[in-house]
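The next block holds one structure in the form of C-alpha cells; read it before the comments.
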Amino acid sequence: MNALLTVSVNGETRRTSAPTIAALVQELELDPAKVAVERNGEIVPRSTLADVPLADGDTLEIVHFVGGGDHYDDSWEVAGRRFSSRLIVGTGKYKDFAQNAAALDASGAEIVTVAVRRVNVSDPKAPMLTDFIDPKKVTYLPNTAGCFTADDAIRTLRLAREAGGWDLVKLEVLGEARTLYPDMRETLKATEVLAKEGFLPMVYCTDDPIAAKQLEEAGAVAVMPLGAPIGSGLGIQNRVTIRLIVEGASVPVLVDAGVGTASDAAVAMELGCDGVLMNTAIAEAKDPIRMARAMKLAVEAGRHAYLSGRMGTRKYADPSSPLAGLI
C-alpha cells in the first residue's frame with residue numbers, strides 16, 4: 001500500500017495514497033481527459049498525467065471548462081420553489097397582452113400575478129393571457145385583487161385552483177376602495193382558512209411587523225408589506241417598519257405596492273427584502289419595456305448593495321484621501 005501523501009489541491013490540504021496525478025484526479029471522481037492540471041506552478045501535459053508521480057507537499061491546481069459569464073447564484077425560495085429573479089410583475093394596465101409579454105421578457109421575472117375574472121362568454125375566441133404568457137414557462141400567481149372580504153378571496157382562489165391547479169397564490173383582502181389598504185382582520189382570517197386547505201398564500205399586508213408575524217404564524221409562506229398605497233408610485237414610505245419586518249420574519253418578505261421607479265425597487269432590496277412585486281410602475285411608464293429592464297437592474301443592484309454591507313453613516317465629513325503630507 002502506498003504511503004499517505006499530503007498535497008494541496010485547489011487551495012485545500014488533502015491526504016492521498018494516489019501514486020500519480022491521474023490516480024488523484026480519478027480519486028476526486030474527475031475525468032482526466034476533461035481537466036487541466038498545474039503542479040507546483042508548471043502545467044502537466046494531459047498525456048503524461050498517468051506517468052507523473054505525486055510527491056509529498058505537491059501543490060496542484062485542477063481546472064475544467066464551465067459556461068462563461070457570472071455564475072453568482074443568489075436565487076431565493078418560497079414554499080419549496082426556487083427562483084432566480086427577485087422581481088415579480090403584474091399583468092394589468094398594459095396596452096395589450098403583447099406589450100405585457102414583452103415587458104415580462106425584459107424584466108426577467110419568473111412569476112406573474114394574474115387576476116381571476118369571468119370568461120367572456122359572448123366572445124369565447126377573444127385573446128387570453130395564456131396565449132401570450134405560457135404558464136408552463138412562467139409561474140402564474142393567482143391573486144385576489146378586488147376582494148373586500150375573506151369569503152370572496154377564499155372563493156376566488158378555490159376557483160383559481162380548480163382552473164389551473166395552482167396552490168401558490170397571492171392573497172389580498174382590501175379594506176376600502178379609496179386607499180386599497182388591506183383589511184388585516186379579514187386577511188388573517190383568509191390566510192388561516194387557505195393554509196388549512198393546502199394553499200400556499202403569499203400575503204399582501206400593512207407594513208406592520210406584528211401583523212406580518214401573525215400572518216406567518218397563520219400559514220403565510222411569504223409576507224408582502226406595502227411600500228405605499230397600490231398604484232400610487234410614492235416609493236417606500238416607511239423604511240423602518242419594512243426593515244423590522246425583514247429582521248423578524250422567517251419566511252420571504254417582498255415589498256408589494258407603491259414602487260414608482262427603479263430607485264424605489266433598489267431601496268426595497270437594500271432593506272433586505274427578498275423581492276419586489278410591481279405592476280403600475282412598469283405598465284404606466286411611457287416606455288414599459290425599457291422600464292421593465294430598469295426594474296430588473298434595480299432589483300439586482302439593490303440586492304448586491306444589501307449583501308455587500310453599506311458604509312456607516314457619519315455626522316461629519318471623512319476625507320477619502322489623507323490630509324497629512326499635503327504640499
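Ordered as shown in the C-alpha cells, chains take letters A, B, and onward, while each chain numbers its residues from 1 and ligands are numbered from 1 in the order shown.
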
key: Who sits within 10 Å of region 206-220 of chain A, only C-alpha atoms, same chain under 5 positions skipped, as a PyMOL selection string   = chain A and resi 79+170-171+181-185+187-196+198-201+225-229+237-253+255-256

message = as a ChimeraX atom specification, please: the residues near region 101-103 of chain A (cut-off 10 Å, only C-alpha atoms, same-chain neighbours under 3 positions excluded).
response = /A:89,91,94,96-98,106-109,129,131-134,282-283,287-293

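Taking only C-alpha atoms into account, Leu277 (chain A) lies nearest to A:Ser85 out of the set A:Ser85, A:Thr130, A:Thr149, A:Ser17.
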
Residues at most 9 Å from Glu110 (chain A), counting only C-alpha atoms, excluding those fewer than 6 positions away in the same chain, as a PDB file with N, CA, C and O atoms, in the first residue's frame?
ATOM      1  N   PHE A  83     -36.452  30.346  -7.353  1.00  0.00           N
ATOM      2  CA  PHE A  83     -36.483  31.287  -8.458  1.00  0.00           C
ATOM      3  C   PHE A  83     -35.188  32.095  -8.499  1.00  0.00           C
ATOM      4  O   PHE A  83     -34.590  32.385  -7.460  1.00  0.00           O
ATOM      5  N   SER A  84     -34.770  32.444  -9.697  1.00  0.00           N
ATOM      6  CA  SER A  84     -33.563  33.255  -9.862  1.00  0.00           C
ATOM      7  C   SER A  84     -33.885  34.744  -9.785  1.00  0.00           C
ATOM      8  O   SER A  84     -33.165  35.514  -9.156  1.00  0.00           O
ATOM      9  N   SER A  85     -34.960  35.159 -10.426  1.00  0.00           N
ATOM     10  CA  SER A  85     -35.332  36.566 -10.414  1.00  0.00           C
ATOM     11  C   SER A  85     -36.066  36.903  -9.122  1.00  0.00           C
ATOM     12  O   SER A  85     -36.949  36.157  -8.673  1.00  0.00           O
ATOM     13  N   ARG A  86     -35.718  38.058  -8.547  1.00  0.00           N
ATOM     14  CA  ARG A  86     -36.386  38.528  -7.336  1.00  0.00           C
ATOM     15  C   ARG A  86     -37.444  39.589  -7.650  1.00  0.00           C
ATOM     16  O   ARG A  86     -37.926  40.273  -6.755  1.00  0.00           O
ATOM     17  N   LEU A  87     -37.768  39.700  -8.907  1.00  0.00           N
ATOM     18  CA  LEU A  87     -38.779  40.647  -9.358  1.00  0.00           C
ATOM     19  C   LEU A  87     -40.027  39.885  -9.781  1.00  0.00           C
ATOM     20  O   LEU A  87     -39.947  38.933 -10.553  1.00  0.00           O
ATOM     21  N   ILE A  88     -41.165  40.288  -9.251  1.00  0.00           N
ATOM     22  CA  ILE A  88     -42.451  39.725  -9.654  1.00  0.00           C
ATOM     23  C   ILE A  88     -43.253  40.848 -10.301  1.00  0.00           C
ATOM     24  O   ILE A  88     -43.283  41.969  -9.781  1.00  0.00           O
ATOM     25  N   VAL A  89     -43.868  40.570 -11.422  1.00  0.00           N
ATOM     26  CA  VAL A  89     -44.617  41.623 -12.119  1.00  0.00           C
ATOM     27  C   VAL A  89     -46.069  41.232 -12.291  1.00  0.00           C
ATOM     28  O   VAL A  89     -46.420  40.053 -12.301  1.00  0.00           O
ATOM     29  N   LEU A 104     -42.654  41.575 -19.625  1.00  0.00           N
ATOM     30  CA  LEU A 104     -42.258  40.434 -18.781  1.00  0.00           C
ATOM     31  C   LEU A 104     -40.905  39.903 -19.220  1.00  0.00           C
ATOM     32  O   LEU A 104     -40.019  39.647 -18.390  1.00  0.00           O
ATOM     33  N   LYS A 137     -44.072  28.005 -18.695  1.00  0.00           N
ATOM     34  CA  LYS A 137     -42.738  28.595 -18.664  1.00  0.00           C
ATOM     35  C   LYS A 137     -42.596  29.656 -17.581  1.00  0.00           C
ATOM     36  O   LYS A 137     -41.489  29.947 -17.134  1.00  0.00           O
ATOM     37  N   VAL A 138     -43.697  30.261 -17.202  1.00  0.00           N
ATOM     38  CA  VAL A 138     -43.705  31.309 -16.186  1.00  0.00           C
ATOM     39  C   VAL A 138     -44.687  30.900 -15.097  1.00  0.00           C
ATOM     40  O   VAL A 138     -45.777  30.393 -15.395  1.00  0.00           O
ATOM     41  N   THR A 139     -44.317  31.100 -13.843  1.00  0.00           N
ATOM     42  CA  THR A 139     -45.207  30.740 -12.742  1.00  0.00           C
ATOM     43  C   THR A 139     -46.322  31.762 -12.614  1.00  0.00           C
ATOM     44  O   THR A 139     -46.070  32.952 -12.401  1.00  0.00           O
ATOM     45  N   TYR A 140     -47.536  31.289 -12.775  1.00  0.00           N
ATOM     46  CA  TYR A 140     -48.707  32.140 -12.556  1.00  0.00           C
ATOM     47  C   TYR A 140     -48.998  32.192 -11.051  1.00  0.00           C
ATOM     48  O   TYR A 140     -49.030  31.167 -10.375  1.00  0.00           O
TER      49      TYR A 140
END

message = Which residues are near Arg161 (chain A)? Cut-off 12 Å, only C-alpha atoms, ignore same chain within fewer than 3 positions. Put them as a PyMOL selection string.
response = chain A and resi 116+140-143+154-158+164-169+194+197-200

Picked from region 20-116 of chain A by DSSP as strand (DSSP E), as a list in words =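 Those residues are Ala36, Val37, Glu38, Arg39, Glu42, Ile43, Val44, Thr59, Leu60, Glu61, Ile62, Val63, Trp76, Glu77, Val78, Arg81, Arg82, Phe83, Leu87, Ile88, Val89, Ile111, Val112, Thr113, Val114 and Ala115 of chain A.
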
Which region 174-274 of chain A residues have any atom within 12 Å of an atom of region 307-317 of chain A, and for each, what is the nearest pair of atoms with distance in Å to one decimal, counting only C-alpha atoms, rows sorted by chain and number, as CSV?
residue,atom,partner,partner_atom,distance
A:Met269,CA,A:Leu307,CA,9.6
A:Glu270,CA,A:Leu307,CA,8.2
A:Leu271,CA,A:Leu307,CA,10.1
A:Gly272,CA,A:Leu307,CA,8.2
A:Cys273,CA,A:Leu307,CA,11.1
A:Asp274,CA,A:Leu307,CA,11.5

ask   = Skipping near chain neighbours, those fewer than 6 positions away, what residues fall within 10 Å of Ala298 (chain A) using only C-alpha atoms, listed as a list of chain:residue names?
value = A:Leu87, A:Thr261, A:Ala262, A:Ser263, A:Asp264, A:Ala265, A:Ala266, A:Val267, A:Ala268, A:Met269, A:Ala292, A:His304

Emit the selected residues as a short mmCIF file (atom, residue, chain, number, x, y, z; two decimals), in the first residue's frame, including C-alpha atoms.
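The new file selection_27.cif reads:
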data_model
loop_
_atom_site.label_atom_id
_atom_site.label_comp_id
_atom_site.auth_asym_id
_atom_site.auth_seq_id
_atom_site.Cartn_x
_atom_site.Cartn_y
_atom_site.Cartn_z
CA LEU A 87 -38.78 40.65 -9.36
CA THR A 261 -39.39 53.93 -10.37
CA ALA A 262 -36.18 51.94 -10.33
CA SER A 263 -34.70 53.65 -7.27
CA ASP A 264 -37.73 52.56 -5.22
CA ALA A 265 -37.11 48.94 -6.14
CA ALA A 266 -33.44 49.31 -5.20
CA VAL A 267 -34.39 50.75 -1.81
CA ALA A 268 -36.66 47.79 -1.09
CA MET A 269 -33.85 45.39 -1.84
CA ALA A 292 -39.15 46.69 -17.07
CA HIS A 304 -25.91 43.42 -4.30
#

query = Where does DSSP see helix (DSSP H, G or I) in region 154-282 of chain A, if you list the residues as JSON, numbers by chain?
reply = {"A": [154, 155, 156, 157, 158, 159, 160, 161, 162, 163, 164, 184, 185, 186, 187, 188, 189, 190, 191, 192, 193, 194, 195, 196, 209, 210, 211, 212, 213, 214, 215, 216, 217, 218, 239, 240, 241, 242, 243, 244, 245, 246, 247, 248, 262, 263, 264, 265, 266, 267, 268, 269, 270, 280, 281, 282]}
